[in-house]
>>> print(open('query.cif').read())   # mmCIF, C-alpha atoms
data_query
loop_
_atom_site.group_PDB
_atom_site.id
_atom_site.type_symbol
_atom_site.label_atom_id
_atom_site.label_comp_id
_atom_site.auth_asym_id
_atom_site.auth_seq_id
_atom_site.Cartn_x
_atom_site.Cartn_y
_atom_site.Cartn_z
ATOM 1 C CA MET J 279 28.780 132.076 31.667
ATOM 2 C CA LEU J 280 26.542 133.792 29.090
ATOM 3 C CA THR J 281 24.846 135.862 31.786
ATOM 4 C CA PHE J 282 28.234 136.916 33.137
ATOM 5 C CA LEU J 283 29.474 137.973 29.689
ATOM 6 C CA VAL J 284 26.347 140.010 28.930
ATOM 7 C CA ARG J 285 26.530 141.834 32.272
ATOM 8 C CA ARG J 286 30.249 142.455 31.896
ATOM 9 C CA LEU J 287 29.955 143.769 28.318
ATOM 10 C CA ALA J 288 27.185 146.162 29.375
ATOM 11 C CA SER J 289 29.257 147.467 32.286
ATOM 12 C CA MET J 290 32.308 147.765 30.001
ATOM 13 C CA ALA J 291 30.391 149.995 27.591
ATOM 14 C CA LEU J 292 29.193 152.189 30.466
ATOM 15 C CA VAL J 293 32.687 152.521 31.956
ATOM 16 C CA VAL J 294 34.245 153.442 28.597
ATOM 17 C CA ALA J 295 31.575 156.108 28.068
ATOM 18 C CA LEU J 296 32.177 157.608 31.523
ATOM 19 C CA VAL J 297 35.959 157.531 31.083
ATOM 20 C CA SER J 298 35.725 159.271 27.717
ATOM 21 C CA VAL J 299 33.590 162.080 29.165
ATOM 22 C CA LEU J 300 35.680 162.546 32.319
ATOM 23 C CA GLY J 301 38.961 162.264 30.409
ATOM 24 C CA PHE J 302 37.890 164.884 27.887
ATOM 25 C CA ILE J 303 36.854 167.265 30.673
ATOM 26 C CA LEU J 304 40.071 166.744 32.660
ATOM 27 C CA ILE J 305 42.277 167.417 29.644
ATOM 28 C CA GLU J 306 40.297 170.601 28.988
ATOM 29 C CA LEU J 307 40.557 171.897 32.579
ATOM 30 C CA PRO J 308 44.167 173.224 32.595
ATOM 31 C CA PRO J 309 44.568 176.699 31.054
ATOM 32 C CA GLY J 310 45.962 177.058 27.555
ATOM 33 C CA SER J 311 45.868 174.690 24.625
ATOM 34 C CA ALA J 312 48.113 172.847 22.216
ATOM 35 C CA LEU J 313 47.816 175.814 19.868
ATOM 36 C CA ASP J 314 49.393 178.061 22.516
ATOM 37 C CA THR J 315 52.345 175.657 22.765
ATOM 38 C CA LYS J 316 52.740 175.620 18.994
ATOM 39 C CA ILE J 317 52.627 179.417 18.768
ATOM 40 C CA ALA J 318 55.245 179.709 21.528
ATOM 41 C CA GLN J 319 57.517 177.298 19.646
ATOM 42 C CA LEU J 320 57.147 179.318 16.436
ATOM 43 C CA ARG J 321 57.997 182.561 18.199
ATOM 44 C CA GLN J 322 61.031 181.014 19.926
ATOM 45 C CA SER J 323 62.379 179.908 16.559
ATOM 46 C CA GLY J 324 62.076 183.463 15.206
ATOM 47 C CA GLY J 325 58.723 183.156 13.456
ATOM 48 C CA GLU J 326 55.829 185.538 13.914
ATOM 49 C CA ILE J 327 52.113 184.932 13.725
ATOM 50 C CA SER J 328 49.387 187.531 13.709
ATOM 51 C CA GLN J 329 46.228 187.544 15.812
ATOM 52 C CA GLU J 330 44.142 187.018 12.686
ATOM 53 C CA GLN J 331 46.084 183.822 11.948
ATOM 54 C CA ILE J 332 45.613 182.671 15.545
ATOM 55 C CA ASN J 333 41.866 183.280 15.325
ATOM 56 C CA ALA J 334 41.718 181.381 12.037
ATOM 57 C CA LEU J 335 43.521 178.383 13.577
ATOM 58 C CA GLU J 336 41.197 178.443 16.594
ATOM 59 C CA ASP J 337 38.183 178.380 14.281
ATOM 60 C CA LEU J 338 39.758 175.630 12.175
ATOM 61 C CA TYR J 339 40.354 173.321 15.152
ATOM 62 C CA GLY J 340 37.199 174.375 17.008
ATOM 63 C CA LEU J 341 39.096 175.618 20.057
ATOM 64 C CA ARG J 342 36.521 178.308 20.757
ATOM 65 C CA ASP J 343 33.670 175.796 21.032
ATOM 66 C CA PRO J 344 32.315 174.887 24.494
ATOM 67 C CA VAL J 345 33.640 171.623 25.916
ATOM 68 C CA HIS J 346 30.371 169.730 25.315
ATOM 69 C CA VAL J 347 30.384 170.788 21.662
ATOM 70 C CA LYS J 348 33.998 169.672 21.264
ATOM 71 C CA PHE J 349 33.222 166.325 22.859
ATOM 72 C CA THR J 350 30.128 165.754 20.717
ATOM 73 C CA LYS J 351 32.059 166.490 17.518
ATOM 74 C CA TRP J 352 34.939 164.236 18.585
ATOM 75 C CA ILE J 353 32.877 161.257 19.780
ATOM 76 C CA THR J 354 30.691 161.206 16.670
ATOM 77 C CA ARG J 355 33.826 160.942 14.512
ATOM 78 C CA ALA J 356 35.599 158.561 16.901
ATOM 79 C CA VAL J 357 32.969 155.829 16.512
ATOM 80 C CA THR J 358 33.852 155.748 12.801
ATOM 81 C CA GLY J 359 37.585 155.507 13.484
ATOM 82 C CA ASP J 360 38.401 159.209 13.070
ATOM 83 C CA PHE J 361 39.963 160.346 16.369
ATOM 84 C CA GLY J 362 40.685 163.874 15.249
ATOM 85 C CA HIS J 363 43.863 165.737 14.396
ATOM 86 C CA SER J 364 46.994 166.171 16.505
ATOM 87 C CA PHE J 365 47.652 169.881 16.958
ATOM 88 C CA THR J 366 51.327 169.610 17.861
ATOM 89 C CA MET J 367 52.372 166.996 15.301
ATOM 90 C CA ASP J 368 49.965 168.085 12.539
ATOM 91 C CA MET J 369 48.910 164.517 11.723
ATOM 92 C CA PRO J 370 45.753 162.428 12.166
ATOM 93 C CA VAL J 371 45.634 160.836 15.622
ATOM 94 C CA SER J 372 44.840 157.385 14.241
ATOM 95 C CA LYS J 373 47.894 157.487 11.960
ATOM 96 C CA LEU J 374 50.151 158.538 14.838
ATOM 97 C CA ILE J 375 48.905 155.772 17.118
ATOM 98 C CA TRP J 376 48.949 152.944 14.592
ATOM 99 C CA SER J 377 52.445 153.871 13.441
ATOM 100 C CA ARG J 378 53.780 153.095 16.933
ATOM 101 C CA LEU J 379 51.253 150.694 18.409
ATOM 102 C CA GLY J 380 52.582 147.576 16.660
ATOM 103 C CA PHE J 381 56.123 147.853 17.989
ATOM 104 C CA SER J 382 54.941 148.877 21.459
ATOM 105 C CA ILE J 383 52.578 145.915 21.847
ATOM 106 C CA GLY J 384 55.003 143.471 20.212
ATOM 107 C CA LEU J 385 57.835 144.485 22.528
ATOM 108 C CA SER J 386 55.715 144.362 25.679
ATOM 109 C CA VAL J 387 53.897 141.110 24.843
ATOM 110 C CA PHE J 388 57.168 139.367 24.044
ATOM 111 C CA ALA J 389 58.694 140.566 27.322
ATOM 112 C CA LEU J 390 55.546 139.551 29.226
ATOM 113 C CA CYS J 391 55.547 136.011 27.790
ATOM 114 C CA ILE J 392 59.231 135.543 28.563
ATOM 115 C CA SER J 393 58.732 136.885 32.100
ATOM 116 C CA TRP J 394 55.909 134.426 32.766
ATOM 117 C CA GLY J 395 57.849 131.574 31.189
ATOM 118 C CA ILE J 396 60.828 132.248 33.463
ATOM 119 C CA SER J 397 59.123 133.334 36.694
ATOM 120 C CA ILE J 398 56.740 130.373 37.102
ATOM 121 C CA PRO J 399 59.348 127.543 37.000
ATOM 122 C CA LEU J 400 61.852 129.733 38.876
ATOM 123 C CA GLY J 401 59.323 130.490 41.607
ATOM 124 C CA VAL J 402 58.377 126.801 41.862
ATOM 125 C CA PHE J 403 62.028 125.773 42.134
ATOM 126 C CA SER J 404 62.695 128.415 44.784
ATOM 127 C CA ALA J 405 59.684 127.343 46.863
ATOM 128 C CA THR J 406 60.441 123.612 46.633
ATOM 129 C CA HIS J 407 64.131 124.154 47.493
ATOM 130 C CA ARG J 408 63.564 126.529 50.376
ATOM 131 C CA HIS J 409 66.591 127.579 52.471
ATOM 132 C CA THR J 410 69.101 126.188 50.001
ATOM 133 C CA LEU J 411 71.886 128.048 48.229
ATOM 134 C CA PRO J 412 69.977 128.262 44.892
ATOM 135 C CA ASP J 413 66.954 129.650 46.778
ATOM 136 C CA TYR J 414 69.085 132.368 48.374
ATOM 137 C CA VAL J 415 70.610 133.264 45.002
ATOM 138 C CA ILE J 416 67.167 133.509 43.396
ATOM 139 C CA GLN J 417 65.885 135.710 46.230
ATOM 140 C CA ILE J 418 68.872 138.045 45.919
ATOM 141 C CA MET J 419 68.227 138.369 42.179
ATOM 142 C CA GLN J 420 64.543 139.054 42.920
ATOM 143 C CA PHE J 421 65.374 141.892 45.310
ATOM 144 C CA LEU J 422 67.859 143.379 42.848
ATOM 145 C CA GLY J 423 65.331 143.197 40.004
ATOM 146 C CA VAL J 424 62.660 144.941 42.061
ATOM 147 C CA ALA J 425 64.972 147.501 43.713
ATOM 148 C CA ILE J 426 66.968 148.707 40.694
ATOM 149 C CA PRO J 427 65.000 151.337 38.718
ATOM 150 C CA GLN J 428 64.382 150.332 35.138
ATOM 151 C CA PHE J 429 65.748 153.587 33.733
ATOM 152 C CA LEU J 430 69.017 153.069 35.654
ATOM 153 C CA PHE J 431 69.316 149.497 34.389
ATOM 154 C CA ALA J 432 68.663 150.759 30.860
ATOM 155 C CA LEU J 433 71.419 153.377 31.182
ATOM 156 C CA VAL J 434 73.880 150.735 32.433
ATOM 157 C CA LEU J 435 73.087 148.510 29.450
ATOM 158 C CA LEU J 436 73.459 151.484 27.113
ATOM 159 C CA VAL J 437 76.932 152.211 28.451
ATOM 160 C CA PHE J 438 77.861 148.520 28.249
ATOM 161 C CA SER J 439 76.578 148.252 24.669
ATOM 162 C CA ALA J 440 78.399 151.393 23.526
ATOM 163 C CA SER J 441 81.725 150.903 25.330
ATOM 164 C CA VAL J 442 82.114 147.124 25.315
ATOM 165 C CA LEU J 443 80.133 145.929 22.295
ATOM 166 C CA GLY J 444 80.771 149.042 20.207
ATOM 167 C CA GLN J 445 77.133 149.372 19.114
ATOM 168 C CA GLU J 446 75.221 152.504 18.226
ATOM 169 C CA VAL J 447 72.810 153.340 21.032
ATOM 170 C CA GLY J 448 69.599 155.353 21.151
ATOM 171 C CA THR J 449 68.318 153.754 17.941
ATOM 172 C CA LEU J 450 66.860 150.483 16.734
ATOM 173 C CA PHE J 451 68.979 150.301 13.576
ATOM 174 C CA SER J 452 72.517 151.128 12.549
ATOM 175 C CA ARG J 453 72.944 154.063 10.163
ATOM 176 C CA GLU J 454 73.217 151.922 7.045
ATOM 177 C CA TYR J 455 69.879 150.239 7.814
ATOM 178 C CA GLN J 456 67.885 153.282 8.911
ATOM 179 C CA ASN J 457 65.995 153.716 5.624
ATOM 180 C CA ALA J 458 66.894 150.396 3.999
ATOM 181 C CA PRO J 459 64.156 147.897 3.091
ATOM 182 C CA TRP J 460 63.652 144.899 5.351
ATOM 183 C CA SER J 461 66.089 142.041 4.796
ATOM 184 C CA LEU J 462 67.827 139.348 6.790
ATOM 185 C CA ALA J 463 70.746 141.689 7.514
ATOM 186 C CA LYS J 464 68.413 144.448 8.707
ATOM 187 C CA GLY J 465 66.520 141.975 10.882
ATOM 188 C CA LEU J 466 69.733 140.810 12.541
ATOM 189 C CA ASP J 467 70.794 144.419 13.047
ATOM 190 C CA PHE J 468 67.398 145.121 14.653
ATOM 191 C CA LEU J 469 67.842 142.192 17.061
ATOM 192 C CA SER J 470 71.309 143.433 17.995
ATOM 193 C CA HIS J 471 69.760 146.723 19.171
ATOM 194 C CA VAL J 472 66.364 145.673 20.549
ATOM 195 C CA TRP J 473 67.815 143.307 23.168
ATOM 196 C CA ILE J 474 68.383 146.194 25.581
ATOM 197 C CA PRO J 475 64.707 147.191 26.109
ATOM 198 C CA VAL J 476 63.689 143.510 26.077
ATOM 199 C CA VAL J 477 66.162 142.638 28.841
ATOM 200 C CA VAL J 478 65.121 145.666 30.918
ATOM 201 C CA LEU J 479 61.418 144.812 30.650
ATOM 202 C CA ILE J 480 61.999 141.115 31.370
ATOM 203 C CA ALA J 481 64.195 141.802 34.416
ATOM 204 C CA GLY J 482 61.624 143.885 36.266
ATOM 205 C CA GLY J 483 58.654 141.677 35.403
ATOM 206 C CA THR J 484 60.403 138.411 36.181
ATOM 207 C CA ALA J 485 61.630 139.577 39.592
ATOM 208 C CA SER J 486 58.174 140.587 40.835
ATOM 209 C CA LEU J 487 56.341 137.584 39.351
ATOM 210 C CA THR J 488 58.880 135.131 40.784
ATOM 211 C CA ARG J 489 58.403 136.566 44.281
ATOM 212 C CA ILE J 490 54.619 136.267 43.959
ATOM 213 C CA MET J 491 54.850 132.695 42.681
ATOM 214 C CA ARG J 492 57.243 131.606 45.427
ATOM 215 C CA ALA J 493 55.211 133.161 48.257
ATOM 216 C CA ASN J 494 51.891 131.719 47.079
ATOM 217 C CA LEU J 495 53.267 128.270 46.382
ATOM 218 C CA LEU J 496 54.765 128.110 49.884
ATOM 219 C CA ASP J 497 51.328 128.951 51.272
ATOM 220 C CA VAL J 498 49.583 126.347 49.102
ATOM 221 C CA LEU J 499 52.077 123.574 49.919
ATOM 222 C CA GLY J 500 51.115 123.792 53.598
ATOM 223 C CA GLN J 501 47.404 123.235 52.983
ATOM 224 C CA GLN J 502 45.605 119.987 53.815
ATOM 225 C CA TYR J 503 44.654 118.886 50.305
ATOM 226 C CA VAL J 504 48.336 118.862 49.316
ATOM 227 C CA GLN J 505 49.145 116.695 52.323
ATOM 228 C CA THR J 506 46.251 114.411 51.378
ATOM 229 C CA ALA J 507 47.585 114.041 47.838
ATOM 230 C CA ARG J 508 50.975 113.105 49.222
ATOM 231 C CA SER J 509 49.459 110.579 51.629
ATOM 232 C CA LYS J 510 47.794 108.835 48.677
ATOM 233 C CA GLY J 511 51.244 108.056 47.310
ATOM 234 C CA LEU J 512 51.228 110.487 44.394
ATOM 235 C CA HIS J 513 54.607 111.425 42.989
ATOM 236 C CA GLU J 514 55.951 114.719 44.375
ATOM 237 C CA THR J 515 56.222 116.245 40.895
ATOM 238 C CA ARG J 516 52.554 115.528 40.223
ATOM 239 C CA VAL J 517 51.525 116.891 43.617
ATOM 240 C CA ILE J 518 53.361 120.153 42.970
ATOM 241 C CA TRP J 519 52.504 120.798 39.315
ATOM 242 C CA ARG J 520 49.053 119.188 39.144
ATOM 243 C CA HIS J 521 47.613 120.371 42.462
ATOM 244 C CA ALA J 522 49.707 123.064 44.162
ATOM 245 C CA VAL J 523 50.944 125.183 41.242
ATOM 246 C CA ARG J 524 47.495 125.432 39.683
ATOM 247 C CA ASN J 525 46.077 127.118 42.788
ATOM 248 C CA ALA J 526 49.206 129.202 43.362
ATOM 249 C CA LEU J 527 48.694 130.798 39.930
ATOM 250 C CA HIS J 528 45.584 132.702 41.075
ATOM 251 C CA PRO J 529 47.370 135.976 42.014
ATOM 252 C CA LEU J 530 49.371 135.917 38.767
ATOM 253 C CA VAL J 531 46.201 135.431 36.729
ATOM 254 C CA MET J 532 44.412 138.233 38.573
ATOM 255 C CA ALA J 533 47.399 140.526 38.052
ATOM 256 C CA LEU J 534 47.065 139.930 34.306
ATOM 257 C CA GLY J 535 44.048 142.240 34.276
ATOM 258 C CA THR J 536 46.205 145.246 35.127
ATOM 259 C CA THR J 537 49.026 144.172 32.821
ATOM 260 C CA LEU J 538 47.436 144.969 29.457
ATOM 261 C CA PRO J 539 47.463 148.793 29.886
ATOM 262 C CA THR J 540 51.230 148.604 30.381
ATOM 263 C CA LEU J 541 51.489 147.311 26.817
ATOM 264 C CA ILE J 542 50.949 150.939 25.818
ATOM 265 C CA SER J 543 52.133 153.021 28.771
ATOM 266 C CA GLY J 544 54.280 150.747 30.922
ATOM 267 C CA GLU J 545 57.504 151.173 28.950
ATOM 268 C CA VAL J 546 57.334 154.983 28.946
ATOM 269 C CA VAL J 547 60.501 155.648 30.975
ATOM 270 C CA ILE J 548 62.483 152.956 29.150
ATOM 271 C CA SER J 549 61.366 154.268 25.774
ATOM 272 C CA ILE J 550 62.352 157.825 26.678
ATOM 273 C CA VAL J 551 65.790 156.718 27.921
ATOM 274 C CA LEU J 552 66.420 154.451 24.934
ATOM 275 C CA ASN J 553 64.742 156.741 22.370
ATOM 276 C CA LEU J 554 62.298 154.043 21.219
ATOM 277 C CA PRO J 555 59.454 154.794 18.763
ATOM 278 C CA THR J 556 56.696 153.464 21.045
ATOM 279 C CA THR J 557 53.359 154.875 22.135
ATOM 280 C CA GLY J 558 54.378 155.682 25.735
ATOM 281 C CA PRO J 559 56.486 158.801 25.020
ATOM 282 C CA LEU J 560 53.842 159.965 22.556
ATOM 283 C CA TYR J 561 51.189 159.756 25.281
ATOM 284 C CA ILE J 562 53.341 161.747 27.737
ATOM 285 C CA ARG J 563 54.013 164.371 25.081
ATOM 286 C CA ALA J 564 50.285 164.691 24.355
ATOM 287 C CA LEU J 565 49.506 165.300 28.034
ATOM 288 C CA ILE J 566 52.330 167.820 28.533
ATOM 289 C CA GLN J 567 51.478 169.809 25.417
ATOM 290 C CA LYS J 568 47.739 169.416 25.987
ATOM 291 C CA ASP J 569 47.200 167.776 22.630
ATOM 292 C CA MET J 570 43.566 167.117 23.439
ATOM 293 C CA TYR J 571 42.437 164.562 20.857
ATOM 294 C CA LEU J 572 45.649 162.548 21.013
ATOM 295 C CA GLY J 573 45.626 162.467 24.824
ATOM 296 C CA VAL J 574 41.993 161.463 25.240
ATOM 297 C CA THR J 575 42.317 158.740 22.579
ATOM 298 C CA PHE J 576 45.229 157.219 24.485
ATOM 299 C CA LEU J 577 43.270 157.455 27.734
ATOM 300 C CA ILE J 578 40.307 155.570 26.287
ATOM 301 C CA MET J 579 42.594 152.914 24.805
ATOM 302 C CA LEU J 580 44.224 152.368 28.213
ATOM 303 C CA SER J 581 40.818 152.130 29.890
ATOM 304 C CA MET J 582 39.569 149.609 27.339
ATOM 305 C CA LEU J 583 42.704 147.503 27.757
ATOM 306 C CA LEU J 584 42.240 147.542 31.537
ATOM 307 C CA ILE J 585 38.610 146.434 31.227
ATOM 308 C CA VAL J 586 39.371 143.745 28.646
ATOM 309 C CA GLY J 587 42.320 142.573 30.751
ATOM 310 C CA ASN J 588 40.105 142.120 33.792
ATOM 311 C CA LEU J 589 37.593 140.168 31.694
ATOM 312 C CA ILE J 590 40.337 137.879 30.368
ATOM 313 C CA ALA J 591 41.682 137.432 33.902
ATOM 314 C CA ASP J 592 38.224 136.390 35.164
ATOM 315 C CA LEU J 593 37.811 133.848 32.347
ATOM 316 C CA LEU J 594 41.314 132.441 32.889
ATOM 317 C CA LEU J 595 40.699 132.210 36.627
ATOM 318 C CA ALA J 596 37.541 130.200 36.003
ATOM 319 C CA TRP J 597 39.519 127.884 33.715
ATOM 320 C CA VAL J 598 42.388 127.464 36.185
ATOM 321 C CA ASP J 599 40.085 126.939 39.167
ATOM 322 C CA PRO J 600 36.743 125.233 38.356
ATOM 323 C CA ARG J 601 35.485 126.276 41.806
ATOM 324 C CA VAL J 602 35.042 129.790 40.453
ATOM 325 C CA ARG J 603 31.541 130.238 39.087
ATOM 326 C CA LEU J 604 31.258 133.312 36.922
ATOM 327 C CA ASP J 605 27.454 133.214 36.785
ATOM 328 C CA GLU J 606 27.393 133.883 40.529
ATOM 329 C CA SER J 607 29.803 136.860 40.401
#
>>> encode(input="query.cif", output="structure tokens")
Amino acid sequence: MLTFLVRRLASMALVVALVSVLGFILIELPPGSALDTKIAQLRQSGGEISQEQINALEDLYGLRDPVHVKFTKWITRAVTGDFGHSFTMDMPVSKLIWSRLGFSIGLSVFALCISWGISIPLGVFSATHRHTLPDYVIQIMQFLGVAIPQFLFALVLLVFSASVLGQEVGTLFSREYQNAPWSLAKGLDFLSHVWIPVVVLIAGGTASLTRIMRANLLDVLGQQYVQTARSKGLHETRVIWRHAVRNALHPLVMALGTTLPTLISGEVVISIVLNLPTTGPLYIRALIQKDMYLGVTFLIMLSMLLIVGNLIADLLLAWVDPRVRLDES
């Protein structure tokens, strides 16, 4: 185990370094810069800026420096927690990210836990009651959850909330609680608005995970060791949950490695439709407007989450299945 962790940590550091270099170069490749976007916005609103002011801003932000000089300046500050300055929003990158990261991760982790908590028992029930009416109902709900786009489902819930429930939509708080300090009333008002993105995230995740769980459990139930456990007189519940389900969880555990990056970027479309203050729309805006330091910081965070997620998935897989030996991988 120790050998595996040392090798994996060394490879993680190398991958993050390569991603940071390649990401910085890719963001620099398209013509123009965030300053050009900002100048165009000023001129569209009736403002005027001279060439001397443009040159001064380019010198201030180091836009005239070669790409390797920009990267060296940025990476030396990034290791101390200073990820640079956002050109378009005129704020430190770290402040922008941390102001939205908490809600984004909290929303996605909560939806992920609920999805797992629903999909595993639902998939087990569907597999153990194959070709029954409840199984057909569950499969229909699975297909609907996978087929319906999340943004469309979010729009339907928005219309339902506004027309039927009479709630304000496109916000997390009613007007009277927008700038009010936190209290029990504000917390309840927050819950009355946040249920829409939670339901949308849970619906898509639960549908796909339930299908995976059902398919793998059906495959495991036909294997010889399950038949042997039954022939020994073990109770059917113990055979399913103690022996079959544990091995059927492998694909779900392995999929966990690719799930962590979605905690930041996975709810992008939903957040744009519902006007949520999460990190996803901020990342898209940084890429569109070529906000270099903000975009590359997000890219590195996503890469680190992917690498850490794969490490966690490997450790969980070794815990779920003792046959997996990490020292040999």
>>> closest_residue(input="query.cif", among="J:His346, J:Arg489, J:His409, J:Arg563", to="Pro529 (chain J)", atoms="only C-alpha atoms")
J:Arg489
>>> residues_around(input="query.cif", residues="Leu296 (chain J)", least_positions_apart="6", cutoff="10 Å", atoms="all atoms listed in the file", output="ChimeraX atom specification")
/J:290,302,578
>>> resolve_selection(input="query.cif", expression="the PyMOL selection byres ((chain J and resi 347-361) around 12)", output="mmCIF file with C-alpha atoms, in the frame of the given file")
data_model
loop_
_atom_site.group_PDB
_atom_site.id
_atom_site.type_symbol
_atom_site.label_atom_id
_atom_site.label_comp_id
_atom_site.auth_asym_id
_atom_site.auth_seq_id
_atom_site.Cartn_x
_atom_site.Cartn_y
_atom_site.Cartn_z
ATOM 1 C CA VAL J 294 34.245 153.442 28.597
ATOM 2 C CA ALA J 295 31.575 156.108 28.068
ATOM 3 C CA SER J 298 35.725 159.271 27.717
ATOM 4 C CA VAL J 299 33.590 162.080 29.165
ATOM 5 C CA LEU J 300 35.680 162.546 32.319
ATOM 6 C CA GLY J 301 38.961 162.264 30.409
ATOM 7 C CA PHE J 302 37.890 164.884 27.887
ATOM 8 C CA ILE J 303 36.854 167.265 30.673
ATOM 9 C CA LEU J 304 40.071 166.744 32.660
ATOM 10 C CA ILE J 305 42.277 167.417 29.644
ATOM 11 C CA GLU J 306 40.297 170.601 28.988
ATOM 12 C CA ASP J 337 38.183 178.380 14.281
ATOM 13 C CA TYR J 339 40.354 173.321 15.152
ATOM 14 C CA GLY J 340 37.199 174.375 17.008
ATOM 15 C CA LEU J 341 39.096 175.618 20.057
ATOM 16 C CA ARG J 342 36.521 178.308 20.757
ATOM 17 C CA ASP J 343 33.670 175.796 21.032
ATOM 18 C CA PRO J 344 32.315 174.887 24.494
ATOM 19 C CA VAL J 345 33.640 171.623 25.916
ATOM 20 C CA HIS J 346 30.371 169.730 25.315
ATOM 21 C CA GLY J 362 40.685 163.874 15.249
ATOM 22 C CA HIS J 363 43.863 165.737 14.396
ATOM 23 C CA SER J 364 46.994 166.171 16.505
ATOM 24 C CA MET J 369 48.910 164.517 11.723
ATOM 25 C CA PRO J 370 45.753 162.428 12.166
ATOM 26 C CA VAL J 371 45.634 160.836 15.622
ATOM 27 C CA SER J 372 44.840 157.385 14.241
ATOM 28 C CA LYS J 373 47.894 157.487 11.960
ATOM 29 C CA LEU J 374 50.151 158.538 14.838
ATOM 30 C CA ILE J 375 48.905 155.772 17.118
ATOM 31 C CA TRP J 376 48.949 152.944 14.592
ATOM 32 C CA MET J 570 43.566 167.117 23.439
ATOM 33 C CA TYR J 571 42.437 164.562 20.857
ATOM 34 C CA LEU J 572 45.649 162.548 21.013
ATOM 35 C CA GLY J 573 45.626 162.467 24.824
ATOM 36 C CA VAL J 574 41.993 161.463 25.240
ATOM 37 C CA THR J 575 42.317 158.740 22.579
ATOM 38 C CA PHE J 576 45.229 157.219 24.485
ATOM 39 C CA ILE J 578 40.307 155.570 26.287
ATOM 40 C CA MET J 579 42.594 152.914 24.805
#
>>> closest_residue(input="query.cif", among="J:Leu287, J:Val517, J:Val477, J:Leu436", to="Gln505 (chain J)", atoms="all atoms listed in the file")
J:Val517
>>> closest_atom_pairs(input="query.cif", of="region 431-540 of chain J", to="region 381-385 of chain J", cutoff="9 Å", atoms="all atoms listed in the file", output="tab-separated table")
residue	atom	partner	partner_atom	distance
J:Val472	CA	J:Leu385	CA	8.8
J:Pro475	CA	J:Leu385	CA	8.2
J:Val476	CA	J:Leu385	CA	6.9
J:Leu479	CA	J:Leu385	CA	8.9
>>> resolve_selection(input="query.cif", expression="the PyMOL selection byres ((chain J and resi 559) around 9)", output="count of residues only")
17
>>> resolve_selection(input="query.cif", expression="the PyMOL selection byres ((chain J and resi 444-447) around 12)", output="ChimeraX atom specification")
/J:432-443,448-456,467-475,551-554
>>> closest_residue(input="query.cif", among="J:Ser393, J:Phe403, J:Ser289, J:Val478", to="Ile548 (chain J)", atoms="only C-alpha atoms")
J:Val478
>>> atom_distance(input="query.cif", atom1="CA of Leu280 (chain J)", atom2="CA of His528 (chain J)")
22.5 Å
>>> atom_distance(input="query.cif", atom1="CA of Trp519 (chain J)", atom2="CA of Ala596 (chain J)")
18.0 Å
>>> atom_distance(input="query.cif", atom1="CA of His521 (chain J)", atom2="CA of Ala507 (chain J)")
8.3 Å
>>> residues_around(input="query.cif", residues="Ala533 (chain J)", least_positions_apart="4", cutoff="12 Å", atoms="only C-alpha atoms", output="list in words")
Trp394, Gly483, Ser486, Leu487, Ile490, Met491, Leu527, His528, Pro529, Thr537, Leu538, Pro539, Thr540, Leu584, Gly587, Asn588, Leu589, Ile590, Ala591, Asp592, Leu594 and Leu595 of chain J
>>> residues_around(input="query.cif", residues="Pro412 (chain J)", least_positions_apart="6", cutoff="12 Å", atoms="all atoms listed in the file", output="PyMOL selection string")
chain J and resi 400-401+403-406+418-419
>>> residues_around(input="query.cif", residues="Val293 (chain J)", least_positions_apart="6", cutoff="9 Å", atoms="all atoms listed in the file", output="PyMOL selection string")
chain J and resi 581-582+585
